$ cat work_37.csv   # CSV, C-alpha atoms and all ligand atoms
chain,number,residue,atom,x,y,z
A,20,MET,CA,-9.6,-1.1,38.8
A,21,TYR,CA,-8.0,-1.0,35.4
A,22,THR,CA,-5.3,1.6,35.3
A,23,LEU,CA,-4.5,3.0,31.8
A,24,SER,CA,-1.2,4.7,31.0
A,25,GLU,CA,-2.7,8.2,31.0
A,26,GLY,CA,-0.9,10.5,28.7
A,27,SER,CA,1.1,7.7,27.0
A,28,LEU,CA,-0.6,8.3,23.6
A,29,ASP,CA,0.6,12.0,23.7
A,30,VAL,CA,4.2,10.8,24.2
A,31,ILE,CA,3.9,8.1,21.5
A,32,MET,CA,2.2,10.2,18.9
A,33,ASN,CA,4.7,13.0,19.4
A,34,GLY,CA,7.4,10.5,18.4
A,35,GLY,CA,8.6,9.6,21.9
A,36,ASP,CA,9.0,6.2,23.5
A,37,TYR,CA,6.8,4.8,26.2
A,38,ASP,CA,7.6,1.4,27.7
A,39,LYS,CA,4.7,-1.1,27.5
A,40,PRO,CA,1.8,1.4,27.7
A,41,ILE,CA,-1.5,0.0,29.0
A,42,LEU,CA,-4.3,1.1,26.7
A,43,GLN,CA,-7.9,0.3,26.0
A,44,LEU,CA,-9.2,-0.8,22.7
A,45,LEU,CA,-12.3,1.2,21.9
A,46,ALA,CA,-13.1,0.0,18.4
A,47,ASN,CA,-11.6,-2.0,15.6
A,48,LYS,CA,-12.3,-2.1,11.9
A,49,LYS,CA,-11.5,-4.7,9.3
A,50,ILE,CA,-9.9,-3.5,6.1
A,51,GLN,CA,-9.6,-5.8,3.1
A,52,GLY,CA,-6.0,-5.2,2.1
A,53,SER,CA,-4.3,-6.1,-1.1
A,54,GLU,CA,-3.9,-9.8,-1.9
A,55,GLY,CA,-6.9,-10.6,0.2
A,56,ILE,CA,-5.0,-10.0,3.4
A,57,GLU,CA,-7.1,-8.5,6.1
A,58,LYS,CA,-5.9,-5.6,8.2
A,59,TYR,CA,-7.3,-4.2,11.4
A,60,ARG,CA,-7.4,-0.6,12.2
A,61,LEU,CA,-7.7,0.2,15.9
A,62,LEU,CA,-9.0,3.0,18.0
A,63,LEU,CA,-6.9,3.1,21.2
A,64,SER,CA,-7.4,5.1,24.3
A,65,ASP,CA,-5.1,5.9,27.3
A,66,GLY,CA,-8.1,7.2,29.2
A,67,LYS,CA,-7.3,10.8,28.4
A,68,HIS,CA,-6.9,10.7,24.6
A,69,SER,CA,-7.9,8.3,21.9
A,70,HIS,CA,-6.1,7.7,18.6
A,71,SER,CA,-7.3,6.0,15.5
A,72,LEU,CA,-4.3,6.1,13.1
A,73,VAL,CA,-3.3,2.7,14.5
A,74,MET,CA,-2.9,-0.6,12.6
A,75,LEU,CA,-2.5,-4.0,14.0
A,76,ALA,CA,0.4,-5.9,12.3
A,77,SER,CA,-1.2,-8.7,10.4
A,78,HIS,CA,0.5,-11.5,12.3
A,79,LEU,CA,-1.7,-10.5,15.2
A,80,ASN,CA,-5.0,-10.7,13.3
A,81,ASP,CA,-5.8,-14.0,15.1
A,82,LYS,CA,-6.2,-12.2,18.3
A,83,ILE,CA,-9.1,-10.2,16.8
A,84,ILE,CA,-10.6,-13.2,14.9
A,85,THR,CA,-10.6,-15.4,18.0
A,86,GLY,CA,-12.2,-12.6,20.0
A,87,GLU,CA,-9.3,-12.5,22.4
A,88,LEU,CA,-8.8,-8.9,21.5
A,89,CYS,CA,-12.1,-7.2,21.3
A,90,ASP,CA,-13.6,-3.7,22.0
A,91,ASN,CA,-13.2,-2.5,25.6
A,92,ALA,CA,-10.3,-4.8,26.2
A,93,VAL,CA,-7.5,-3.5,28.3
A,94,VAL,CA,-4.2,-4.3,26.7
A,95,GLN,CA,-0.5,-3.9,27.2
A,96,ILE,CA,1.4,-2.9,24.1
A,97,ASN,CA,4.7,-4.7,24.3
A,98,ARG,CA,6.1,-3.6,21.0
A,99,PHE,CA,5.1,-0.9,18.5
A,100,VAL,CA,6.5,1.4,15.9
A,101,THR,CA,5.4,4.8,14.8
A,102,LYS,CA,6.1,6.5,11.6
A,103,LEU,CA,5.8,10.1,10.5
A,104,LEU,CA,4.3,10.2,7.1
A,105,ASN,CA,4.3,13.1,4.7
A,106,ILE,CA,0.9,13.1,3.2
A,107,VAL,CA,0.4,15.2,0.1
A,108,GLY,CA,-2.0,18.0,0.9
A,109,LYS,CA,-2.3,17.1,4.6
A,110,GLY,CA,1.2,17.5,6.0
A,111,GLU,CA,2.8,15.3,8.5
A,112,ARG,CA,0.8,12.7,10.4
A,113,ARG,CA,2.1,10.0,12.7
A,114,ILE,CA,0.8,6.5,12.5
A,115,MET,CA,1.3,3.6,14.9
A,116,VAL,CA,1.7,-0.1,14.1
A,117,ILE,CA,1.2,-2.6,17.0
A,118,LEU,CA,3.7,-5.4,16.8
A,119,ASP,CA,3.1,-7.3,20.0
A,120,VAL,CA,0.2,-7.0,22.5
A,121,THR,CA,-1.0,-8.8,25.6
A,122,VAL,CA,-4.6,-8.7,26.6
A,123,LEU,CA,-4.8,-7.8,30.4
A,124,ALA,CA,-8.5,-7.8,30.7
A,125,PRO,CA,-11.0,-9.1,28.1
A,126,GLY,CA,-13.5,-6.6,26.7
A,127,ALA,CA,-16.5,-8.4,28.2
A,128,GLU,CA,-15.0,-8.1,31.7
A,129,VAL,CA,-14.3,-4.4,31.4
A,130,GLY,CA,-17.6,-3.8,29.6
A,131,LYS,CA,-17.3,0.0,29.2
A,132,LYS,CA,-15.1,2.9,28.0
A,133,LEU,CA,-12.7,3.9,30.7
A,134,GLY,CA,-12.2,7.6,31.5
A,135,ASN,CA,-13.3,10.3,29.0
A,136,PRO,CA,-10.8,10.2,26.2
A,137,HIS,CA,-10.7,13.0,23.6
A,138,ASP,CA,-9.7,12.3,20.0
A,139,TRP,CA,-6.0,13.0,19.8
A,140,THR,CA,-6.0,12.9,16.1
A,141,ALA,CA,-8.6,15.6,15.7
A,142,GLU,CA,-6.9,17.9,18.4
A,143,SER,CA,-3.4,17.5,17.0
A,144,ALA,CA,-4.5,18.2,13.5
A,145,ALA,CA,-6.3,21.5,14.4
A,146,GLY,CA,-6.4,23.7,11.4
A,147,THR,CA,-6.4,20.8,8.9
A,148,PRO,CA,-9.4,18.7,8.4
A,149,ALA,CA,-9.5,15.9,10.9
A,150,PRO,CA,-9.8,12.4,9.5
A,151,ALA,CA,-13.2,10.9,9.9
A,152,PRO,CA,-13.6,9.0,13.1
A,153,MET,CA,-13.9,5.2,13.0
A,154,GLY,CA,-17.3,4.1,11.9
A,155,ALA,CA,-17.9,7.1,9.8
A,156,SER,CA,-17.8,6.9,6.1
A,157,ALA,CA,-14.8,8.7,4.6
A,158,SER,CA,-11.5,7.2,5.6
A,159,SER,CA,-12.9,4.1,7.1
A,160,THR,CA,-14.6,2.8,3.9
A,161,PRO,CA,-13.8,-0.8,3.7
A,162,ILE,CA,-11.3,-1.6,1.1
A,163,THR,CA,-12.2,-4.5,-1.1
A,164,LEU,CA,-10.5,-5.9,-4.1
A,165,PRO,CA,-11.9,-7.7,-7.0
A,166,SER,CA,-11.7,-11.4,-6.3
A,167,THR,CA,-8.5,-13.0,-7.3
A,168,GLY,CA,-7.8,-16.3,-8.9
A,169,SER,CA,-4.1,-17.1,-8.7
A,170,GLY,CA,-3.6,-13.8,-6.9
A,171,LEU,CA,-3.2,-11.9,-10.1
A,172,ASN,CA,-6.4,-11.5,-12.0
A,173,ASN,CA,-7.4,-10.6,-15.5
A,174,SER,CA,-10.3,-8.4,-14.5
A,175,LEU,CA,-7.8,-6.0,-12.9
A,176,ILE,CA,-5.6,-6.1,-16.0
A,177,SER,CA,-8.5,-5.5,-18.3
A,178,LYS,CA,-9.6,-2.7,-16.0
A,179,GLN,CA,-6.2,-1.2,-16.3
A,180,MET,CA,-6.3,-1.7,-20.0
A,181,THR,CA,-9.3,0.5,-20.3
A,182,HIS,CA,-7.2,3.3,-19.2
A,183,SER,CA,-4.2,4.4,-21.2
A,184,ILE,CA,-0.9,2.8,-20.3
A,185,THR,CA,0.8,5.8,-18.7
A,186,SER,CA,2.1,6.4,-15.2
A,187,PRO,CA,-0.4,8.1,-12.9
A,188,SER,CA,-0.3,11.8,-13.5
A,189,TYR,CA,0.5,14.1,-10.7
A,190,GLN,CA,-1.7,17.0,-9.8
A,191,ALA,CA,-0.2,20.3,-10.5
A,192,GLY,CA,1.8,21.8,-7.7
A,193,GLU,CA,2.3,18.4,-6.0
A,194,SER,CA,5.8,17.2,-5.9
A,195,ALA,CA,5.9,13.5,-6.1
A,196,GLU,CA,9.6,13.4,-5.5
A,197,ALA,CA,9.4,15.2,-2.2
A,198,ASP,CA,7.6,12.4,-0.4
A,199,ILE,CA,9.3,9.5,-2.0
A,200,ASP,CA,12.2,9.6,0.5
A,201,ASP,CA,9.7,8.0,2.9
A,202,TRP,CA,10.9,4.4,3.3
A,203,LEU,CA,7.9,2.5,4.4
A,204,THR,CA,6.8,-1.1,4.9
A,205,PHE,CA,3.5,-2.3,3.4
A,206,ASP,CA,2.0,-2.2,6.9
A,207,GLU,CA,3.1,1.4,7.3
A,208,ALA,CA,1.9,2.3,3.9
A,209,GLU,CA,-1.5,0.9,4.5
A,210,ALA,CA,-1.8,2.8,7.7
A,211,GLY,CA,-0.6,5.9,5.8
A,212,LEU,CA,-3.3,5.4,3.2
A,213,LEU,CA,-5.9,5.7,5.8
A,214,VAL,CA,-4.7,9.2,6.3
A,215,ALA,CA,-3.9,10.0,2.7
A,216,GLY,CA,-7.3,8.8,1.5
A,217,GLU,CA,-8.0,9.5,-2.2
A,218,LYS,CA,-4.9,11.7,-2.5
A,219,GLY,CA,-2.8,8.6,-2.4
A,220,LEU,CA,0.6,8.0,-0.9
A,221,TYR,CA,4.0,8.1,-2.4
A,222,PHE,CA,6.7,5.9,-0.8
A,223,SER,CA,9.8,3.8,-1.2
A,224,LEU,CA,9.9,0.2,-0.3
A,225,LEU,CA,12.3,-2.7,-0.4
A,226,GLY,CA,10.4,-5.6,-1.9
A,227,TYR,CA,10.6,-9.1,-3.3
A,228,VAL,CA,8.7,-10.3,-6.3
A,229,ILE,CA,6.7,-13.4,-5.6
A,230,SER,CA,4.7,-13.8,-8.7
A,231,THR,CA,3.7,-12.0,-11.9
A,232,ASN,CA,1.0,-12.3,-14.5
A,233,ASP,CA,1.8,-14.2,-17.7
A,234,ASN,CA,0.6,-12.0,-20.5
A,235,VAL,CA,2.6,-8.8,-20.0
A,236,VAL,CA,2.8,-7.6,-23.6
A,237,PHE,CA,0.3,-5.7,-25.6
A,238,LYS,CA,0.1,-4.2,-29.1
A,239,ALA,CA,-0.4,-0.5,-28.6
A,240,CYS,CA,-1.1,2.4,-30.9
A,241,PRO,CA,2.0,3.4,-32.7
A,242,PHE,CA,1.0,7.1,-32.7
A,243,ASP,CA,3.2,8.8,-30.1
A,244,GLN,CA,0.5,11.0,-28.6
A,245,CYS,CA,-1.9,8.2,-28.3
A,246,ASN,CA,-1.6,5.7,-25.4
A,247,GLU,CA,-4.3,3.4,-26.5
A,248,VAL,CA,-3.3,-0.2,-25.8
A,249,LYS,CA,-6.1,-2.1,-27.4
A,250,LEU,CA,-5.6,-2.3,-31.1
A,251,VAL,CA,-8.0,-4.4,-33.1
A,252,ASP,CA,-6.2,-6.7,-35.5
A,253,GLN,CA,-8.1,-6.3,-38.8
A,254,GLU,CA,-6.6,-9.6,-40.0
A,255,ASN,CA,-5.5,-7.8,-43.2
A,256,GLY,CA,-2.1,-6.5,-41.9
A,257,LEU,CA,-3.7,-3.5,-40.4
A,258,TYR,CA,-4.4,-2.6,-36.8
A,259,ARG,CA,-7.3,-0.3,-35.9
A,260,CYS,CA,-7.0,2.2,-33.0
A,261,GLU,CA,-10.5,3.2,-31.8
A,262,GLU,CA,-9.0,6.2,-30.0
A,263,CYS,CA,-7.4,7.7,-33.1
A,264,ASN,CA,-10.2,6.3,-35.2
A,265,LYS,CA,-7.5,5.2,-37.7
A,266,GLU,CA,-5.9,2.0,-39.1
A,267,TYR,CA,-2.2,1.6,-38.9
A,268,PRO,CA,0.1,-0.9,-40.7
A,269,ASN,CA,2.3,-1.1,-37.5
A,270,PHE,CA,2.0,-1.0,-33.8
A,271,LYS,CA,4.3,-0.7,-30.8
A,272,TYR,CA,4.7,-3.2,-28.0
A,273,CYS,CA,3.8,-2.0,-24.5
A,274,LEU,CA,4.3,-3.8,-21.2
A,275,LEU,CA,2.0,-4.2,-18.2
A,276,LEU,CA,3.4,-6.3,-15.5
A,277,VAL,CA,1.3,-7.1,-12.5
A,278,ALA,CA,3.5,-8.4,-9.7
A,279,SER,CA,2.8,-9.7,-6.2
A,280,VAL,CA,5.5,-8.0,-4.1
A,281,ALA,CA,6.3,-9.0,-0.5
A,282,ASP,CA,8.1,-7.3,2.3
A,283,PRO,CA,8.5,-8.4,5.9
A,284,THR,CA,5.1,-7.0,6.8
A,285,GLY,CA,2.9,-8.3,4.0
A,286,ASN,CA,2.2,-8.6,0.3
A,287,GLN,CA,0.8,-6.2,-2.3
A,288,ARG,CA,-0.1,-6.4,-5.9
A,289,VAL,CA,1.8,-3.7,-7.8
A,290,ILE,CA,1.4,-2.6,-11.4
A,291,ALA,CA,4.5,-1.8,-13.4
A,292,TYR,CA,4.2,-0.1,-16.8
A,293,ASN,CA,6.7,0.1,-19.6
A,294,GLU,CA,10.1,1.3,-18.3
A,295,ALA,CA,9.5,-0.2,-14.9
A,296,ALA,CA,8.3,-3.5,-16.4
A,297,GLU,CA,11.3,-3.5,-18.8
A,298,PHE,CA,13.6,-3.2,-15.8
A,299,MET,CA,11.9,-6.0,-13.9
A,300,LEU,CA,11.8,-8.3,-17.0
A,301,GLY,CA,15.3,-7.5,-18.1
A,302,HIS,CA,14.3,-6.8,-21.7
A,303,THR,CA,12.8,-4.1,-23.8
A,304,ALA,CA,9.2,-4.1,-24.7
A,305,ALA,CA,10.2,-4.7,-28.3
A,306,GLU,CA,12.3,-7.7,-27.4
A,307,ILE,CA,9.6,-9.2,-25.2
A,308,GLY,CA,7.0,-8.6,-28.0
A,309,ARG,CA,9.2,-10.4,-30.5
A,310,MET,CA,9.7,-13.4,-28.1
A,311,PHE,CA,6.0,-13.5,-27.4
A,312,GLU,CA,5.2,-13.8,-31.1
A,313,HIS,CA,8.1,-16.0,-32.3
A,314,ASP,CA,9.9,-17.6,-29.4
A,315,LYS,CA,7.5,-18.7,-26.7
A,316,LYS,CA,10.2,-20.6,-24.9
A,317,SER,CA,12.3,-17.6,-24.3
A,318,TYR,CA,9.3,-15.6,-23.4
A,319,ALA,CA,8.3,-18.1,-20.8
A,320,LYS,CA,11.8,-18.0,-19.4
A,321,VAL,CA,11.7,-14.2,-19.1
A,322,ILE,CA,8.4,-14.3,-17.2
A,323,LYS,CA,9.8,-17.1,-15.0
A,324,ASN,CA,13.0,-15.2,-14.3
A,325,ALA,CA,11.1,-12.1,-13.1
A,326,LYS,CA,10.2,-13.9,-9.9
A,327,TYR,CA,12.2,-14.1,-6.7
A,328,LYS,CA,14.1,-10.8,-7.1
A,329,SER,CA,14.4,-7.9,-4.7
A,330,TYR,CA,14.2,-4.3,-5.7
A,331,GLU,CA,14.0,-0.8,-4.4
A,332,PHE,CA,10.6,0.4,-5.5
A,333,LYS,CA,9.1,3.9,-5.7
A,334,LEU,CA,5.4,3.3,-5.3
A,335,TYR,CA,2.2,5.2,-5.4
A,336,SER,CA,-0.8,3.7,-3.6
A,337,LYS,CA,-4.3,5.0,-4.0
A,338,ILE,CA,-7.7,4.2,-2.7
A,339,GLU,CA,-10.2,4.3,-5.6
A,340,SER,CA,-13.9,4.4,-5.0
A,341,SER,CA,-16.4,3.6,-7.6
A,342,THR,CA,-20.1,3.0,-7.2
A,343,ASP,CA,-19.9,-0.7,-6.4
A,344,GLU,CA,-16.5,-1.1,-4.8
A,345,THR,CA,-13.5,0.5,-3.3
A,346,THR,CA,-10.2,-0.7,-4.6
A,347,PHE,CA,-6.7,-0.3,-3.6
A,348,THR,CA,-4.1,0.1,-6.3
A,349,THR,CA,-0.4,0.4,-6.2
A,350,THR,CA,1.7,1.6,-9.2
A,351,VAL,CA,5.4,1.3,-9.6
A,352,LEU,CA,6.8,4.7,-10.4
A,353,ASN,CA,10.3,3.6,-10.5
A,354,VAL,CA,12.3,0.4,-9.8
A,355,GLU,CA,16.0,0.0,-9.2
A,356,ALA,CA,18.5,-2.5,-8.0
A,357,ILE,CA,19.1,-2.4,-4.3
A,358,ASP,CA,21.7,0.0,-3.1
A,359,TYR,CA,23.0,-2.1,-0.3
A,360,LYS,CA,25.3,0.6,1.1
A,361,ALA,CA,22.4,3.1,1.5
A,362,THR,CA,20.1,0.3,2.7
A,363,SER,CA,22.5,-0.7,5.5
A,364,ALA,CA,23.0,3.0,6.5
A,365,ARG,CA,19.2,3.3,6.8
A,366,LEU,CA,19.0,0.2,8.8
A,367,ILE,CA,21.7,1.3,11.2
A,368,GLU,CA,20.0,4.7,11.6
A,369,SER,CA,16.8,2.9,12.4
A,370,ILE,CA,18.5,0.6,14.9
A,371,LYS,CA,20.2,3.6,16.5
A,372,SER,CA,16.8,5.4,16.8
A,373,CYS,CA,15.7,2.5,19.0
A,374,GLY,CA,18.4,3.4,21.5
A,375,VAL,CA,21.0,0.8,20.5
A,376,ASP,CA,24.6,2.1,20.3
A,377,PHE,CA,27.3,0.7,18.0
B,401,ZN,ZN,-4.2,5.7,-31.3

$ encode --input "work_37.csv" --output "structure tokens" --more "lines below"
Ligand SMILES: [Zn+2]
Amino acid sequence: MYTLSEGSLDVIMNGGDYDKPILQLLANKKIQGSEGIEKYRLLLSDGKHSHSLVMLASHLNDKIITGELCDNAVVQINRFVTKLLNIVGKGERRIMVILDVTVLAPGAEVGKKLGNPHDWTAESAAGTPAPAPMGASASSTPITLPSTGSGLNNSLISKQMTHSITSPSYQAGESAEADIDDWLTFDEAEAGLLVAGEKGLYFSLLGYVISTNDNVVFKACPFDQCNEVKLVDQENGLYRCEECNKEYPNFKYCLLLVASVADPTGNQRVIAYNEAAEFMLGHTAAEIGRMFEHDKKSYAKVIKNAKYKSYEFKLYSKIESSTDETTFTTTVLNVEAIDYKATSARLIESIKSCGVDF
């Protein structure tokens, strides 16, 4: 009595188009995204195959929260996008983001799984480890963030501070650059992270800085080979580095900028270290350090001016699990002014790929 668009997921997940497929929602899982924004991952079925690398665009969250969209519901997908992601160590995987959906029959009315769908994701990824099905532990671990005050918290910063201030190191044999040509939105990146898991995801993104932390400058160990950022002021003109187990008469300024960045699909907190932070603040670490010590007014202005600017970011997102929580961190690998010519060209390509001719 409910007819699903059998075979439509095959077409879609192979990169093809399918007009308003009718699918069944088999399961959904809440993921605590960055900035406290909840994301829902869906397991969809066309009666023949099921697919779990599906995210609901966050503007549709209400449909789940109100119960309108619940398990077993038969839905018509009015609008969706798919994206082929290049995942380090896993190859290419396609993810689907639902942008508009109509519930044709509520889950309670349908009441059961229709047909006998096989997991498309597992079949298509034969030879490579299939991602854990929904409900299992690995890729579906809920992502929670430490609680945030004004959106940017100190515990995160101090947590970062316990590590040395360096960009994340790449594992040998993995080329970071190769994957960074992937222009993604935050929605797509979050979906991609589900596939990438602990390997993390490299991507480029056009984003807008909404806010930043206030204390961006730290006195770091002056020794080149040491990246310790916590120097203890001995109050006698000397600074002690616990890492080197030594006292120095000088130090160098380091930057750690934690920014809330937005794109059309959501927000994420990103961490920018030295060079990237210098670019976003428009001054060198030494200049900012000097202002922080001697010219608070100029310092405040620099921090204020960091907001409401758009950039091309090269980002690295990673899911990190510890014993008590799973966190989601995004680091700025590089940041540049927007290349409007290239951006327009990309946009035109993407519009063309939707079948629009110019
Ligand atoms: Zn040191």

$ residues_around --input "work_37.csv" --residues "range 99-114 of chain A" --least-positions-apart "4" --cutoff "6 Å" --atoms "only C-alpha atoms" --output "list in words"
Leu72, Val73, Leu118 and Ala215 of chain A

$ closest_residue --input "work_37.csv" --among "A:Gln244, A:Asn286, A:Gln95, A:Ser24" --to "ligand ZN 401 (chain B)" --atoms "only C-alpha atoms and all ligand atoms"
A:Gln244

$ atom_distance --input "work_37.csv" --atom1 "CA of Asn353 in chain A" --atom2 "CA of Ala210 in chain A"
21.9 Å

$ atom_distance --input "work_37.csv" --atom1 "CA of Leu44 in chain A" --atom2 "CA of Gly211 in chain A"
20.1 Å

$ residues_near_ligand --input "work_37.csv" --ligand "ligand ZN 401 (chain B)" --cutoff "10 Å" --atoms "all atoms listed in the file" --output "PyMOL selection string"
chain A and resi 239-250+258-267+270

$ atom_distance --input "work_37.csv" --atom1 "CA of Ala295 in chain A" --atom2 "CA of Lys316 in chain A"
22.7 Å

$ residues_around --input "work_37.csv" --residues "Leu42 in chain A" --least-positions-apart "5" --cutoff "9 Å" --atoms "only C-alpha atoms" --output "VMD selection string"
chain A and resid 22 to 25 27 to 28 63 to 66 92 to 96

$ residues_around --input "work_37.csv" --residues "Gly285 in chain A" --least-positions-apart "5" --cutoff "8 Å" --atoms "all atoms listed in the file" --output "ChimeraX atom specification"
/A:77,205-206

$ write_last_selection --input "work_37.csv" --atoms "C-alpha atoms" --output "PDB file, in the frame of the given file"
ATOM      1  CA  SER A  77      -1.200  -8.700  10.400  1.00  0.00           C
ATOM      2  CA  PHE A 205       3.500  -2.300   3.400  1.00  0.00           C
ATOM      3  CA  ASP A 206       2.000  -2.200   6.900  1.00  0.00           C
TER       4      ASP A 206
END

$ closest_residue --input "work_37.csv" --among "A:Lys131, A:Arg60, A:Lys320, A:Lys328" --to "Tyr227 in chain A" --atoms "only C-alpha atoms"
A:Lys328

$ residues_near_point --input "work_37.csv" --point "(1.2, -10.6, 22.6)" --cutoff "12 Å" --atoms "all atoms listed in the file" --output "ChimeraX atom specification"
/A:39,75-76,78-83,87-88,94-99,117-123

$ closest_residue --input "work_37.csv" --among "A:Gly26, A:Met32, A:Thr349, A:Gly86" --to "Asn47 in chain A" --atoms "all atoms listed in the file"
A:Gly86

$ closest_residue --input "work_37.csv" --among "A:Gln43, A:Glu297, A:Glu209, A:Asp282" --to "Lys132 in chain A" --atoms "only C-alpha atoms"
A:Gln43

$ closest_residue --input "work_37.csv" --among "A:Ala305, A:Val280, A:Leu133, A:Ile370" --to "Val236 in chain A" --atoms "all atoms listed in the file"
A:Ala305

$ build_atoms --input "work_37.csv" --residues "range 102-121 of chain A" --atoms "N, CA and C atoms" --output "PDB file, keeping the file's coordinate frame"
ATOM      1  N   LYS A 102       5.509   5.979  12.770  1.00  0.00           N
ATOM      2  CA  LYS A 102       6.100   6.500  11.600  1.00  0.00           C
ATOM      3  C   LYS A 102       5.488   7.815  11.214  1.00  0.00           C
ATOM      4  N   LEU A 103       6.326   8.802  10.945  1.00  0.00           N
ATOM      5  CA  LEU A 103       5.800  10.100  10.500  1.00  0.00           C
ATOM      6  C   LEU A 103       5.688  10.067   9.008  1.00  0.00           C
ATOM      7  N   LEU A 104       4.492  10.259   8.519  1.00  0.00           N
ATOM      8  CA  LEU A 104       4.300  10.200   7.100  1.00  0.00           C
ATOM      9  C   LEU A 104       4.019  11.617   6.551  1.00  0.00           C
ATOM     10  N   ASN A 105       4.549  11.852   5.381  1.00  0.00           N
ATOM     11  CA  ASN A 105       4.300  13.100   4.700  1.00  0.00           C
ATOM     12  C   ASN A 105       3.193  12.919   3.726  1.00  0.00           C
ATOM     13  N   ILE A 106       2.024  13.387   4.055  1.00  0.00           N
ATOM     14  CA  ILE A 106       0.900  13.100   3.200  1.00  0.00           C
ATOM     15  C   ILE A 106       0.638  14.364   2.315  1.00  0.00           C
ATOM     16  N   VAL A 107       0.597  14.107   1.017  1.00  0.00           N
ATOM     17  CA  VAL A 107       0.400  15.200   0.100  1.00  0.00           C
ATOM     18  C   VAL A 107      -0.919  15.934   0.449  1.00  0.00           C
ATOM     19  N   GLY A 108      -0.813  17.231   0.653  1.00  0.00           N
ATOM     20  CA  GLY A 108      -2.000  18.000   0.900  1.00  0.00           C
ATOM     21  C   GLY A 108      -2.434  18.022   2.392  1.00  0.00           C
ATOM     22  N   LYS A 109      -1.843  17.163   3.202  1.00  0.00           N
ATOM     23  CA  LYS A 109      -2.300  17.100   4.600  1.00  0.00           C
ATOM     24  C   LYS A 109      -1.135  17.288   5.581  1.00  0.00           C
ATOM     25  N   GLY A 110       0.073  17.352   5.067  1.00  0.00           N
ATOM     26  CA  GLY A 110       1.200  17.500   6.000  1.00  0.00           C
ATOM     27  C   GLY A 110       1.620  16.265   6.657  1.00  0.00           C
ATOM     28  N   GLU A 111       2.272  16.435   7.793  1.00  0.00           N
ATOM     29  CA  GLU A 111       2.800  15.300   8.500  1.00  0.00           C
ATOM     30  C   GLU A 111       1.808  14.671   9.459  1.00  0.00           C
ATOM     31  N   ARG A 112       1.700  13.379   9.438  1.00  0.00           N
ATOM     32  CA  ARG A 112       0.800  12.700  10.400  1.00  0.00           C
ATOM     33  C   ARG A 112       1.612  11.440  10.879  1.00  0.00           C
ATOM     34  N   ARG A 113       1.447  11.154  12.154  1.00  0.00           N
ATOM     35  CA  ARG A 113       2.100  10.000  12.700  1.00  0.00           C
ATOM     36  C   ARG A 113       1.154   8.812  12.815  1.00  0.00           C
ATOM     37  N   ILE A 114       1.607   7.664  12.372  1.00  0.00           N
ATOM     38  CA  ILE A 114       0.800   6.500  12.500  1.00  0.00           C
ATOM     39  C   ILE A 114       1.506   5.479  13.407  1.00  0.00           C
ATOM     40  N   MET A 115       0.744   4.574  13.992  1.00  0.00           N
ATOM     41  CA  MET A 115       1.300   3.600  14.900  1.00  0.00           C
ATOM     42  C   MET A 115       0.939   2.203  14.456  1.00  0.00           C
ATOM     43  N   VAL A 116       1.920   1.323  14.468  1.00  0.00           N
ATOM     44  CA  VAL A 116       1.700  -0.100  14.100  1.00  0.00           C
ATOM     45  C   VAL A 116       1.993  -0.935  15.329  1.00  0.00           C
ATOM     46  N   ILE A 117       1.009  -1.711  15.773  1.00  0.00           N
ATOM     47  CA  ILE A 117       1.200  -2.600  17.000  1.00  0.00           C
ATOM     48  C   ILE A 117       1.843  -3.878  16.514  1.00  0.00           C
ATOM     49  N   LEU A 118       2.969  -4.206  17.132  1.00  0.00           N
ATOM     50  CA  LEU A 118       3.700  -5.400  16.800  1.00  0.00           C
ATOM     51  C   LEU A 118       3.521  -6.557  17.755  1.00  0.00           C
ATOM     52  N   ASP A 119       3.265  -6.212  19.017  1.00  0.00           N
ATOM     53  CA  ASP A 119       3.100  -7.300  20.000  1.00  0.00           C
ATOM     54  C   ASP A 119       2.169  -6.698  21.122  1.00  0.00           C
ATOM     55  N   VAL A 120       1.189  -7.494  21.518  1.00  0.00           N
ATOM     56  CA  VAL A 120       0.200  -7.000  22.500  1.00  0.00           C
ATOM     57  C   VAL A 120      -0.225  -8.135  23.419  1.00  0.00           C
ATOM     58  N   THR A 121      -0.440  -7.792  24.683  1.00  0.00           N
ATOM     59  CA  THR A 121      -1.000  -8.800  25.600  1.00  0.00           C
ATOM     60  C   THR A 121      -2.311  -8.229  26.152  1.00  0.00           C
TER      61      THR A 121
END
